[in-house]
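Heads up, data-v2.cif below (mmCIF, C-alpha atoms):
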data_upload
#
loop_
_atom_site.label_atom_id
_atom_site.label_comp_id
_atom_site.auth_asym_id
_atom_site.auth_seq_id
_atom_site.Cartn_x
_atom_site.Cartn_y
_atom_site.Cartn_z
CA MET A 14 -173.53 189.46 102.03
CA ASP A 15 -170.55 189.14 99.71
CA TYR A 16 -168.67 192.33 98.88
CA THR A 17 -165.34 190.74 97.88
CA LYS A 18 -165.38 192.22 94.37
CA GLN A 19 -166.36 195.76 95.39
CA ILE A 20 -163.76 195.81 98.17
CA GLN A 21 -160.99 194.62 95.85
CA GLU A 22 -161.94 197.35 93.35
CA ILE A 23 -161.97 200.06 96.01
CA ALA A 24 -158.62 198.88 97.44
CA THR A 25 -157.02 198.88 93.98
CA LYS A 26 -158.28 202.41 93.37
CA LEU A 27 -157.05 203.64 96.77
CA PHE A 28 -153.55 202.21 96.21
CA SER A 29 -153.30 203.57 92.66
CA ASP A 30 -154.45 207.04 93.80
CA GLY A 31 -151.88 206.89 96.59
CA LYS A 32 -154.51 207.57 99.22
CA ILE A 33 -153.47 204.83 101.64
CA ASP A 34 -150.33 203.05 102.87
CA ILE A 35 -152.03 200.03 104.45
CA PHE A 36 -155.32 198.30 103.85
CA ILE A 37 -156.86 196.27 106.67
CA GLY A 38 -159.20 193.58 105.42
CA TYR A 39 -159.98 189.91 105.64
CA ARG A 40 -158.41 186.97 103.85
CA LYS A 41 -159.40 183.33 103.51
CA ASN A 42 -158.30 180.95 106.21
CA SER A 43 -156.65 177.62 105.27
CA PHE A 44 -159.66 175.97 106.87
CA ASP A 45 -163.19 176.78 105.93
CA ASP A 46 -164.07 178.68 109.11
CA ASN A 47 -163.70 182.37 109.93
CA GLN A 48 -161.87 184.75 107.62
CA VAL A 49 -158.74 186.09 109.26
CA PRO A 50 -157.62 189.72 109.29
CA VAL A 51 -154.88 190.77 106.88
CA LEU A 52 -152.83 193.95 106.57
CA ILE A 53 -152.03 194.69 102.92
CA THR A 54 -149.21 197.08 102.05
CA HIS A 55 -148.69 196.18 98.39
CA PRO A 56 -151.29 196.34 95.58
CA ALA A 57 -150.17 192.87 94.36
CA ASP A 58 -151.77 191.29 97.43
CA ILE A 59 -155.21 192.79 96.84
CA SER A 60 -156.51 189.57 95.30
CA ARG A 61 -156.27 187.97 98.75
CA LEU A 62 -158.99 190.24 100.14
CA VAL A 63 -162.42 188.73 100.79
CA PHE A 64 -165.55 189.81 102.60
CA ASP A 65 -168.53 187.59 103.34
CA ASP A 66 -170.65 186.25 106.20
CA LYS A 67 -167.63 184.72 107.88
CA SER A 68 -165.76 188.02 108.28
CA VAL A 69 -166.47 188.12 111.99
CA PHE A 70 -163.54 190.00 113.53
CA ASN A 71 -163.53 193.67 114.42
CA LEU A 72 -160.71 195.19 112.38
CA THR A 73 -160.56 198.47 114.32
CA ASN A 74 -158.50 196.50 116.86
CA TYR A 75 -155.55 196.77 114.43
CA LEU A 76 -155.62 200.57 114.49
CA LYS A 77 -154.03 200.63 117.92
CA PHE A 78 -150.76 198.95 116.92
CA GLU A 79 -147.50 200.60 115.99
CA ASN A 80 -147.57 199.59 112.30
CA THR A 81 -150.85 201.37 111.61
CA ARG A 82 -150.54 204.40 113.90
CA ASN A 83 -149.90 207.67 112.05
CA LYS A 84 -150.24 205.97 108.68
CA ARG A 85 -152.96 206.33 106.09
CA VAL A 86 -155.15 203.30 106.49
CA GLY A 87 -158.02 201.84 104.51
CA ILE A 88 -160.34 199.76 106.66
CA ILE A 89 -163.55 197.73 106.38
CA VAL A 90 -166.11 198.30 109.14
CA LYS A 91 -169.43 196.62 109.87
CA GLY A 92 -172.04 198.25 112.10
CA CYS A 93 -170.50 197.31 115.45
CA ASP A 94 -166.96 197.97 114.22
CA SER A 95 -167.91 201.46 113.11
CA ARG A 96 -169.21 202.20 116.60
CA ALA A 97 -165.84 201.09 117.99
CA LEU A 98 -164.17 203.37 115.46
CA ASN A 99 -166.38 206.22 116.65
CA MET A 100 -165.26 205.59 120.23
CA LEU A 101 -161.59 205.46 119.20
CA MET A 102 -161.90 208.77 117.33
CA THR A 103 -163.65 210.41 120.28
CA GLU A 104 -160.94 209.18 122.61
CA ASN A 105 -158.25 210.60 120.27
CA GLN A 106 -156.73 207.23 119.47
CA VAL A 107 -157.07 207.50 115.68
CA LYS A 108 -157.29 210.47 113.36
CA ARG A 109 -160.21 210.55 110.97
CA GLN A 110 -158.20 212.24 108.20
CA ASN A 111 -155.77 209.29 108.16
CA LEU A 112 -158.52 206.78 107.50
CA TYR A 113 -160.45 205.71 104.46
CA VAL A 114 -163.42 203.83 105.86
CA ILE A 115 -165.47 201.34 103.84
CA GLY A 116 -168.74 200.97 105.71
CA ILE A 117 -170.82 197.82 105.33
CA CYS A 118 -174.56 197.53 105.83
CA CYS A 119 -174.22 194.27 107.69
CA THR A 120 -176.84 191.54 107.59
CA GLY A 121 -175.21 189.52 110.33
CA VAL A 122 -172.20 187.23 110.48
CA LEU A 123 -172.07 183.51 111.20
CA ASN A 124 -170.80 181.81 114.33
CA GLU A 125 -168.76 178.62 114.53
CA GLN A 126 -171.84 176.45 114.06
CA GLY A 127 -172.73 178.25 110.83
CA GLU A 128 -175.76 180.00 112.37
CA LYS A 129 -176.30 183.72 112.68
CA ALA A 130 -174.28 184.97 115.65
CA GLN A 131 -176.10 185.97 118.85
CA ASN A 132 -174.82 189.54 118.84
CA CYS A 133 -176.09 189.94 115.27
CA LEU A 134 -179.56 188.74 116.27
CA GLU A 135 -179.57 191.41 118.99
CA CYS A 136 -177.78 194.06 116.93
CA VAL A 137 -179.05 197.64 117.32
CA MET A 138 -177.08 199.27 114.50
CA PRO A 139 -176.24 196.96 111.57
CA ASP A 140 -175.22 199.82 109.26
CA ALA A 141 -171.87 201.55 109.57
CA VAL A 142 -172.19 204.94 111.32
CA VAL A 143 -168.79 206.21 110.12
CA TYR A 144 -167.81 205.75 106.48
CA ASP A 145 -166.37 207.32 103.35
CA GLU A 146 -168.09 204.83 101.15
CA ILE A 147 -170.97 202.52 102.05
CA LEU A 148 -171.78 199.11 100.56
CA GLY A 149 -175.24 197.56 100.72
CA THR A 150 -178.62 199.01 101.59
CA PRO A 151 -178.99 200.65 105.01
CA SER A 152 -181.70 199.10 107.17
CA GLY A 153 -181.66 201.67 109.97
CA LYS A 154 -181.51 201.51 113.75
CA LYS A 155 -183.17 198.52 115.39
CA GLU A 156 -184.91 198.19 118.72
CA TYR A 157 -182.76 197.30 121.74
CA ILE A 158 -183.21 193.71 122.94
CA VAL A 159 -182.01 192.54 126.34
CA ASN A 160 -179.53 189.69 125.92
CA ALA A 161 -181.21 186.30 126.28
CA ASP A 162 -178.42 184.80 128.42
CA VAL A 163 -178.46 187.76 130.80
CA LYS A 164 -182.22 187.40 131.13
CA THR A 165 -182.00 183.67 131.90
CA LEU A 166 -179.26 184.18 134.47
CA ALA A 167 -181.01 187.09 136.16
CA ALA A 168 -184.07 184.89 136.65
CA GLN A 169 -181.98 182.31 138.54
CA GLY A 170 -181.30 182.39 142.27
CA LEU A 171 -178.28 184.11 143.78
CA VAL A 172 -176.44 180.90 144.70
CA GLU A 173 -176.87 179.23 141.30
CA ARG A 174 -175.78 182.38 139.52
CA GLY A 175 -172.78 182.61 141.87
CA GLU A 176 -171.78 179.04 141.08
CA TYR A 177 -172.10 179.67 137.35
CA PHE A 178 -169.76 182.65 137.55
CA GLN A 179 -167.41 180.83 139.91
CA ASP A 180 -167.01 178.30 137.11
CA ILE A 181 -166.23 181.07 134.62
CA PHE A 182 -163.62 182.69 136.84
CA GLU A 183 -162.05 179.31 137.62
CA ASN A 184 -161.64 178.53 133.94
CA CYS A 185 -159.96 181.83 133.14
CA ILE A 186 -156.26 181.23 132.47
CA ARG A 187 -155.37 184.94 132.61
CA CYS A 188 -153.84 185.00 129.13
CA ASN A 189 -155.32 188.49 128.60
CA ALA A 190 -156.35 187.65 125.04
CA CYS A 191 -159.67 189.39 125.75
CA ARG A 192 -157.83 192.59 126.53
CA HIS A 193 -155.52 192.36 123.52
CA SER A 194 -158.36 191.62 121.13
CA CYS A 195 -160.53 194.46 122.42
CA PRO A 196 -160.35 197.54 120.15
CA LEU A 197 -161.13 199.82 123.11
CA CYS A 198 -158.39 198.45 125.41
CA TYR A 199 -155.44 200.49 124.24
CA CYS A 200 -153.71 201.60 127.48
CA GLU A 201 -150.00 200.86 127.42
CA LYS A 202 -150.03 199.96 131.10
CA CYS A 203 -153.11 198.17 132.29
CA CYS A 204 -154.27 198.29 135.89
CA ILE A 205 -155.26 194.62 135.92
CA ASP A 206 -151.64 193.60 135.42
CA GLN A 207 -150.69 194.43 138.98
CA GLU A 208 -152.64 191.39 140.15
CA THR A 209 -150.30 189.12 138.21
CA SER A 210 -147.13 190.50 139.75
CA ALA A 211 -145.26 187.84 141.72
CA LEU A 212 -144.82 190.28 144.60
CA TYR A 213 -148.52 190.65 144.78
CA ASN A 214 -150.21 187.41 145.68
CA GLY A 215 -148.93 185.29 142.78
CA ALA A 216 -150.45 184.91 139.40
CA ASN A 217 -153.43 182.87 138.42
CA THR A 218 -155.99 182.39 141.15
CA VAL A 219 -159.76 182.53 141.00
CA SER A 220 -159.53 185.70 143.00
CA SER A 221 -157.22 187.40 140.53
CA ALA A 222 -159.34 186.26 137.58
CA PHE A 223 -162.38 187.70 139.30
CA HIS A 224 -160.54 190.95 139.87
CA ALA A 225 -159.25 191.11 136.30
CA LEU A 226 -162.49 190.33 134.51
CA MET A 227 -164.62 192.53 136.75
CA THR A 228 -162.28 195.52 136.50
CA TRP A 229 -161.93 195.01 132.77
CA SER A 230 -165.68 194.86 132.20
CA LEU A 231 -166.25 197.94 134.38
CA HIS A 232 -163.63 199.87 132.41
CA LEU A 233 -165.57 198.97 129.27
CA ALA A 234 -169.00 199.72 130.74
CA GLY A 235 -170.68 202.37 128.64
CA ARG A 236 -168.01 201.95 125.94
CA CYS A 237 -168.37 198.33 124.84
CA VAL A 238 -169.92 198.02 121.38
CA ASP A 239 -170.66 194.28 121.57
CA CYS A 240 -168.40 193.16 118.70
CA ARG A 241 -167.41 190.07 120.74
CA ASN A 242 -163.80 190.05 119.67
CA CYS A 243 -162.96 189.11 123.28
CA GLU A 244 -165.14 186.04 123.18
CA LYS A 245 -163.75 184.89 119.83
CA ALA A 246 -160.21 185.29 121.18
CA CYS A 247 -160.82 183.50 124.48
CA PRO A 248 -159.01 180.11 124.51
CA SER A 249 -161.23 178.88 127.35
CA HIS A 250 -164.42 179.84 125.47
CA LEU A 251 -165.73 181.86 128.40
CA PRO A 252 -169.03 183.70 127.85
CA LEU A 253 -167.42 187.10 128.43
CA HIS A 254 -170.33 188.90 126.81
CA LEU A 255 -172.42 188.29 129.93
CA LEU A 256 -170.57 190.92 131.94
CA HIS A 257 -170.64 193.47 129.12
CA LYS A 258 -174.26 192.89 128.23
CA GLN A 259 -175.29 193.17 131.88
CA ASN A 260 -173.59 196.57 132.14
CA GLU A 261 -175.00 197.63 128.79
CA MET A 262 -178.51 196.67 129.89
CA VAL A 263 -178.26 198.63 133.17
CA ILE A 264 -176.88 201.65 131.32
CA TYR A 265 -179.49 201.48 128.56
CA GLU A 266 -182.40 201.17 130.97
CA ASN A 267 -181.29 203.82 133.43
CA PHE A 268 -179.24 206.41 131.56
CA GLN A 269 -181.42 207.76 128.73
CA HIS A 270 -181.03 204.74 126.42
CA HIS A 271 -177.31 205.27 126.08
CA LEU A 272 -175.48 203.03 123.64
CA ALA A 273 -171.75 203.36 123.07
CA GLY A 274 -170.36 204.85 119.88
CA MET A 275 -173.67 205.66 118.19
CA GLU A 276 -172.99 209.37 117.97
CA LYS A 277 -169.90 211.37 117.20
CA ASP A 278 -168.15 212.89 120.25
CA ASP A 279 -170.03 210.72 122.72
CA ARG A 280 -167.44 209.65 125.27
CA GLY A 281 -169.52 206.98 126.97
CA ALA A 282 -172.13 206.81 129.72
CA PHE A 283 -169.74 207.59 132.58
CA TYR A 284 -168.48 210.86 131.13
CA LYS A 285 -171.80 212.61 131.54
CA TYR A 286 -174.64 212.68 134.03
CA SER A 287 -178.25 213.66 134.38
CA LEU A 288 -179.96 215.14 137.43
CA SER A 289 -182.70 212.54 137.03
CA ASP A 290 -180.43 209.49 137.27
CA PRO A 291 -181.87 206.78 139.56
CA ASP A 292 -181.17 207.49 143.21
CA ASP A 293 -183.40 204.99 145.00
CA PHE A 294 -180.63 202.50 145.81
CA ILE A 295 -178.72 205.10 147.83
CA LEU A 296 -179.38 205.30 151.58
CA MET B 29 -185.37 186.35 142.78
CA GLU B 30 -183.58 186.57 146.10
CA THR B 31 -182.47 183.71 148.26
CA GLN B 32 -184.09 183.37 151.67
CA ILE B 33 -181.96 184.44 154.60
CA LYS B 34 -181.37 181.35 156.77
CA GLU B 35 -180.55 181.14 160.44
CA THR B 36 -179.63 177.78 161.93
CA GLN B 37 -179.39 177.35 165.71
CA GLY B 38 -178.11 180.84 166.27
CA ASN B 39 -175.27 180.41 163.75
CA VAL B 40 -174.89 182.73 160.75
CA VAL B 41 -174.95 181.11 157.30
CA SER B 42 -173.22 182.85 154.40
CA ILE B 43 -175.93 183.70 151.91
CA GLU B 44 -173.67 183.28 148.88
CA ASN B 45 -172.07 179.99 150.06
CA PRO B 46 -174.65 178.15 152.18
CA GLY B 47 -171.92 175.68 153.21
CA ILE B 48 -170.11 178.30 155.25
CA ILE B 49 -171.36 178.81 158.78
CA ALA B 50 -170.04 181.31 161.30
CA PRO B 51 -170.68 181.34 165.07
CA ALA B 52 -173.50 183.50 166.37
CA ASP B 53 -171.11 186.10 167.80
CA TRP B 54 -169.42 186.62 164.41
CA GLN B 55 -168.67 190.27 163.63
CA PRO B 56 -168.45 191.53 160.06
CA VAL B 57 -165.74 193.81 158.71
CA ILE B 58 -167.14 196.70 156.71
CA MET B 59 -165.06 198.93 154.52
CA GLY B 60 -166.28 202.51 154.69
CA ILE B 61 -165.09 204.75 151.87
CA LEU B 62 -166.08 208.31 152.78
CA CYS B 63 -165.78 211.59 150.94
CA ASN B 64 -163.55 214.13 152.64
CA TRP B 65 -165.96 217.06 152.55
CA CYS B 66 -169.28 215.64 153.70
CA SER B 67 -169.38 212.07 154.95
CA TYR B 68 -165.99 212.08 156.66
CA ALA B 69 -166.90 215.31 158.43
CA GLY B 70 -170.28 213.76 159.21
CA SER B 71 -168.64 210.72 160.77
CA ASP B 72 -166.39 213.07 162.73
CA LEU B 73 -169.48 214.85 164.04
CA THR B 74 -170.97 211.49 165.06
CA GLY B 75 -167.85 210.84 167.11
CA THR B 76 -167.53 214.28 168.67
CA SER B 77 -171.21 214.33 169.61
CA ARG B 78 -170.74 210.90 171.29
CA THR B 79 -173.35 209.10 169.21
CA GLN B 80 -172.91 205.33 169.44
CA TYR B 81 -172.49 203.32 166.24
CA PRO B 82 -171.13 199.83 165.50
CA PRO B 83 -167.33 199.56 165.49
CA ASN B 84 -167.36 197.15 162.51
CA ILE B 85 -166.71 199.90 159.99
CA ARG B 86 -163.14 200.70 158.88
CA ILE B 87 -163.00 204.11 157.34
CA ILE B 88 -160.94 205.29 154.39
CA ARG B 89 -161.00 208.95 153.43
CA VAL B 90 -161.11 209.87 149.74
CA PRO B 91 -161.29 213.37 148.22
CA CYS B 92 -164.67 212.82 146.58
CA SER B 93 -167.13 209.97 146.05
CA SER B 94 -166.21 210.06 142.36
CA ARG B 95 -162.64 209.19 143.41
CA VAL B 96 -163.98 205.72 144.24
CA ASP B 97 -162.75 203.47 141.49
CA PRO B 98 -164.81 200.27 141.11
CA TRP B 99 -161.46 198.67 141.81
CA PHE B 100 -161.56 199.85 145.46
CA ILE B 101 -164.81 197.99 146.01
CA ILE B 102 -163.64 194.84 144.23
CA LYS B 103 -160.37 194.95 146.15
CA SER B 104 -162.15 195.31 149.49
CA LEU B 105 -164.40 192.33 148.75
CA GLN B 106 -161.38 190.30 147.63
CA THR B 107 -159.48 190.89 150.86
CA THR B 108 -160.96 191.09 154.35
CA ALA B 109 -164.20 193.02 153.96
CA ASP B 110 -167.62 191.38 154.27
CA GLY B 111 -169.30 194.48 152.96
CA VAL B 112 -168.58 197.93 151.61
CA LEU B 113 -170.21 201.27 152.34
CA VAL B 114 -169.45 204.19 150.06
CA SER B 115 -170.68 207.55 151.18
CA GLY B 116 -170.53 211.02 149.67
CA CYS B 117 -172.17 214.43 149.60
CA HIS B 118 -175.84 214.87 148.75
CA PRO B 119 -176.56 215.62 145.07
CA GLY B 120 -175.90 219.29 144.51
CA ASP B 121 -173.56 219.59 147.52
CA CYS B 122 -170.40 218.24 145.90
CA HIS B 123 -167.26 220.22 146.68
CA TYR B 124 -166.18 219.60 143.10
CA ILE B 125 -169.61 220.62 141.77
CA ALA B 126 -170.66 217.42 140.01
CA GLY B 127 -168.44 214.57 141.27
CA ASN B 128 -171.23 212.73 143.03
CA TYR B 129 -173.43 212.78 139.93
CA TYR B 130 -170.73 210.94 138.01
CA ALA B 131 -170.22 208.60 140.97
CA ARG B 132 -173.94 207.84 141.18
CA ARG B 133 -173.94 206.41 137.65
CA ARG B 134 -170.96 204.21 138.39
CA PHE B 135 -172.41 202.99 141.70
CA LEU B 136 -175.56 201.71 140.05
CA VAL B 137 -173.61 199.74 137.47
CA ILE B 138 -171.20 198.30 140.07
CA LYS B 139 -174.03 197.30 142.38
CA LYS B 140 -175.96 195.54 139.62
CA LEU B 141 -172.87 193.83 138.23
CA LEU B 142 -171.80 192.49 141.63
CA ASN B 143 -175.33 191.23 142.21
CA PHE B 144 -175.23 189.60 138.77
CA VAL B 145 -172.04 187.63 139.50
CA GLY B 146 -173.45 186.32 142.76
CA TYR B 147 -173.05 188.85 145.57
CA HIS B 148 -176.10 189.78 147.59
CA GLU B 149 -177.17 193.32 146.73
CA ASN B 150 -176.73 194.48 150.35
CA ARG B 151 -173.01 193.65 150.37
CA VAL B 152 -172.21 196.94 148.69
CA GLN B 153 -174.20 199.94 149.81
CA PHE B 154 -174.10 203.63 149.07
CA SER B 155 -175.30 206.62 151.01
CA TRP B 156 -175.38 210.38 150.94
CA VAL B 157 -174.40 211.88 154.31
CA SER B 158 -173.69 215.59 154.73
CA ALA B 159 -171.28 217.13 157.25
CA ALA B 160 -174.22 218.11 159.48
CA GLU B 161 -175.82 214.67 159.54
CA GLY B 162 -173.98 213.00 162.43
CA PRO B 163 -177.04 211.05 163.64
CA LYS B 164 -177.80 209.93 160.08
CA PHE B 165 -174.29 208.54 159.72
CA ALA B 166 -174.77 206.48 162.90
CA LYS B 167 -178.09 205.21 161.55
CA VAL B 168 -176.57 204.31 158.16
CA VAL B 169 -173.71 202.38 159.76
CA GLN B 170 -176.16 200.61 162.06
CA LYS B 171 -178.33 199.61 159.10
CA VAL B 172 -175.43 198.42 156.97
CA THR B 173 -173.96 196.41 159.86
CA ASP B 174 -177.32 194.80 160.61
CA ASP B 175 -177.81 193.96 156.92
CA ILE B 176 -174.39 192.37 156.60
CA LYS B 177 -174.72 190.46 159.89
CA LYS B 178 -177.80 188.82 158.37
CA LEU B 179 -175.92 187.94 155.17
CA GLY B 180 -173.15 186.11 156.99
CA PRO B 181 -169.43 185.97 156.23
CA LEU B 182 -168.23 186.58 152.69
CA HIS B 183 -166.09 183.80 151.27
CA LYS B 184 -166.32 184.49 147.55
CA TYR B 185 -163.09 185.05 145.59
CA LYS B 186 -161.05 185.79 148.70
CA LYS B 187 -157.29 185.84 148.35
CA GLU B 188 -155.98 182.50 149.54
CA ASN B 189 -153.06 183.69 151.62
CA LEU B 190 -155.14 186.13 153.61
CA LYS B 191 -156.43 184.27 156.60
#
As structure tokens, how would this structure be written, given the file I've shared?
Amino acid sequence: MDYTKQIQEIATKLFSDGKIDIFIGYRKNSFDDNQVPVLITHPADISRLVFDDKSVFNLTNYLKFENTRNKRVGIIVKGCDSRALNMLMTENQVKRQNLYVIGICCTGVLNEQGEKAQNCLECVMPDAVVYDEILGTPSGKKEYIVNADVKTLAAQGLVERGEYFQDIFENCIRCNACRHSCPLCYCEKCCIDQETSALYNGANTVSSAFHALMTWSLHLAGRCVDCRNCEKACPSHLPLHLLHKQNEMVIYENFQHHLAGMEKDDRGAFYKYSLSDPDDFIL
Amino acid sequence: METQIKETQGNVVSIENPGIIAPADWQPVIMGILCNWCSYAGSDLTGTSRTQYPPNIRIIRVPCSSRVDPWFIIKSLQTTADGVLVSGCHPGDCHYIAGNYYARRRFLVIKKLLNFVGYHENRVQFSWVSAAEGPKFAKVVQKVTDDIKKLGPLHKYKKENLK
């Protein structure tokens, strides 16, 4: 999966036609690990653009910032990123007419160990669902697979599972990098910030980390597209995908196989209901 | 797989933290979040018709069961509550037409997520109680209190300065 040449050609054409002001892509890192995102405003910088198996980040995250809002933007999206873009358009955060979207038929990106990433192994939609131009051959929708880590944990006892999560919440340093790196966390004021206020029980305790991560994951339930930007951004290397994948699994199994961002104008699992939703857990 | 409920010499052992033991006469605190139109009126009927139910429940009135943010439940568990009961109108009876259908979806996800991170599934319970079901409300509170008495005190992720 190397589309560096095609992307450079498309970007050159877009700048010369005057279709875009900014192009969001990837550039090479000084080290030989992940490609890092780059915002290009001048055609002279186009040669810096690359795209290959190491282009792991979800670029739609950069659409929520001041310097790209209300500007004409060219952007590269993989399958999961395009689902995030779909969610952002449905939630009126970006305007479709301002975007020129280069969709990629993704074959999976690599993790830090140089193997295929876990979310790519379990990917349901590798092809971009929103695009103006598509690169690669579409391979179609895949079958939903329950996350392997969630399955292993669910098979464990309550106390062991509790201790495992206690460890996760203890290691959280409350830097909120997960929230900043998430393309779907765009609120200017976030409700989890009130836990950090000095008036309100101090800052970084296990309790406040529990509150923050749980509330955050529940706000993303039915919206999370499993791009794992949060996990890549986490300085403590916490397995944040566990919470999201658990919610995604419950939603997929119980609410008519709902997956976030697959269709246009789908606002997420909690914005609709069915009369046949499971009711057996209610007294 | 669920952990076995232990009882040692009449003391109550917390199911999530087996190291924590409470005396046999320990009483749980249960947060009851009730919808204004059905369950709150139902609980009122229980009181006015002099039906006995455990006094462990502390009731909060909300406009609708869909007003219950997951945050309320997390907050209750973080502070003094040992368990939470959320109650609303029966499906189809919602004062706001479909609020409880939206709430039902959220409740399932919250319940499963809390169970996933290590809370027993009976810590957070949901019920539908209409304004005419005074005796049912008493039964529900009795059941929830009995369940939570078996689970023992909750010591997970409590705020440290709340003793």
Query - Point-to-point distance from CA of His250 (chain A) to CA of His232 (chain A), Å rounded to tenths - result: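 Here the two named atoms are 21.2 Å from each other.
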**Report entry** the PyMOL selection byres ((chain B and resi 77-89) around 7) applied to the shown file, residues as a list of chain:residue names
**Finding:**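 Listing what the PyMOL selection byres ((chain B and resi 77-89) around 7) selects in the shown file: B:Pro56, B:Val57, B:Ile58, B:Met59, B:Gly60, B:Ile61, B:Leu62, B:Cys63, B:Asn64, B:Tyr68, B:Leu73, B:Thr74, B:Gly75, B:Thr76, B:Val90, B:Pro91, B:Pro163, B:Ala166, B:Val169, B:Gln170.
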Report task. Taking the file above as input, evaluate the PyMOL selection byres ((chain B) within 8 of (chain A)) and report the hits as JSON, numbers by chain. Result -> {"B": [29, 30, 31, 43, 44, 45, 98, 99, 102, 103, 106, 129, 130, 132, 133, 134, 136, 137, 138, 140, 141, 143, 144, 145, 146, 147, 148, 153, 154, 155, 156, 168, 185, 186, 187, 189]}
Report task. Would you mind listing what lies within 7 Å of Ser67 (chain B) as a PyMOL selection string, with all atoms listed in the file counted and same-chain residues fewer than 6 positions away left out? Result -> chain B and resi 115-117+157-159
Query raised in the report: Got a sec to resolve the PyMOL selection byres ((chain A and resi 46-62) around 9) on this structure and send the residues as a PyMOL selection string?
Result: chain A and resi 17-18+20-22+24-25+28-29+33-45+63-72+75+123-125+127
Report summary line: CA of Cys133 (chain A) sits from CA of Leu112 (chain A) at a separation of 25.5 Å
Could you pull region 29-45 of chain A out of the block above and save it with N, CA and C atoms, as a PDB file, in the first residue's frame?
ATOM      1  N   SER A  29      -3.068  23.720  -8.017  1.00  0.00           N
ATOM      2  CA  SER A  29      -2.984  24.528  -9.242  1.00  0.00           C
ATOM      3  C   SER A  29      -4.373  24.921  -9.747  1.00  0.00           C
ATOM      4  N   ASP A  30      -5.391  24.084  -9.488  1.00  0.00           N
ATOM      5  CA  ASP A  30      -6.764  24.451  -9.849  1.00  0.00           C
ATOM      6  C   ASP A  30      -7.384  25.430  -8.853  1.00  0.00           C
ATOM      7  N   GLY A  31      -6.685  25.658  -7.736  1.00  0.00           N
ATOM      8  CA  GLY A  31      -7.231  26.544  -6.716  1.00  0.00           C
ATOM      9  C   GLY A  31      -8.431  25.963  -5.982  1.00  0.00           C
ATOM     10  N   LYS A  32      -8.485  24.656  -5.904  1.00  0.00           N
ATOM     11  CA  LYS A  32      -9.634  24.026  -5.248  1.00  0.00           C
ATOM     12  C   LYS A  32      -9.508  23.997  -3.727  1.00  0.00           C
ATOM     13  N   ILE A  33      -8.277  23.988  -3.230  1.00  0.00           N
ATOM     14  CA  ILE A  33      -8.093  23.870  -1.773  1.00  0.00           C
ATOM     15  C   ILE A  33      -7.120  24.923  -1.249  1.00  0.00           C
ATOM     16  N   ASP A  34      -7.261  25.221   0.071  1.00  0.00           N
ATOM     17  CA  ASP A  34      -6.323  26.129   0.739  1.00  0.00           C
ATOM     18  C   ASP A  34      -5.280  25.327   1.517  1.00  0.00           C
ATOM     19  N   ILE A  35      -5.723  24.207   2.081  1.00  0.00           N
ATOM     20  CA  ILE A  35      -4.845  23.399   2.940  1.00  0.00           C
ATOM     21  C   ILE A  35      -4.962  21.943   2.513  1.00  0.00           C
ATOM     22  N   PHE A  36      -3.844  21.249   2.543  1.00  0.00           N
ATOM     23  CA  PHE A  36      -3.906  19.808   2.326  1.00  0.00           C
ATOM     24  C   PHE A  36      -3.397  19.115   3.582  1.00  0.00           C
ATOM     25  N   ILE A  37      -4.215  18.171   4.100  1.00  0.00           N
ATOM     26  CA  ILE A  37      -3.791  17.420   5.289  1.00  0.00           C
ATOM     27  C   ILE A  37      -3.320  16.055   4.838  1.00  0.00           C
ATOM     28  N   GLY A  38      -2.048  15.767   5.104  1.00  0.00           N
ATOM     29  CA  GLY A  38      -1.495  14.476   4.693  1.00  0.00           C
ATOM     30  C   GLY A  38      -0.505  13.970   5.711  1.00  0.00           C
ATOM     31  N   TYR A  39       0.348  13.071   5.270  1.00  0.00           N
ATOM     32  CA  TYR A  39       1.376  12.532   6.145  1.00  0.00           C
ATOM     33  C   TYR A  39       2.744  12.902   5.588  1.00  0.00           C
ATOM     34  N   ARG A  40       3.710  13.070   6.503  1.00  0.00           N
ATOM     35  CA  ARG A  40       5.093  13.248   6.062  1.00  0.00           C
ATOM     36  C   ARG A  40       5.971  12.263   6.815  1.00  0.00           C
ATOM     37  N   LYS A  41       7.193  12.115   6.325  1.00  0.00           N
ATOM     38  CA  LYS A  41       8.125  11.171   6.964  1.00  0.00           C
ATOM     39  C   LYS A  41       8.600  11.723   8.290  1.00  0.00           C
ATOM     40  N   ASN A  42       8.723  10.824   9.257  1.00  0.00           N
ATOM     41  CA  ASN A  42       9.260  11.165  10.554  1.00  0.00           C
ATOM     42  C   ASN A  42      10.785  11.140  10.462  1.00  0.00           C
ATOM     43  N   SER A  43      11.479  11.811  11.389  1.00  0.00           N
ATOM     44  CA  SER A  43      12.949  11.743  11.394  1.00  0.00           C
ATOM     45  C   SER A  43      13.403  10.333  11.729  1.00  0.00           C
ATOM     46  N   PHE A  44      12.604   9.613  12.483  1.00  0.00           N
ATOM     47  CA  PHE A  44      12.917   8.218  12.783  1.00  0.00           C
ATOM     48  C   PHE A  44      12.107   7.360  11.828  1.00  0.00           C
ATOM     49  N   ASP A  45      12.436   6.101  11.805  1.00  0.00           N
ATOM     50  CA  ASP A  45      11.759   5.249  10.817  1.00  0.00           C
ATOM     51  C   ASP A  45      10.517   4.588  11.417  1.00  0.00           C
TER      52      ASP A  45
END
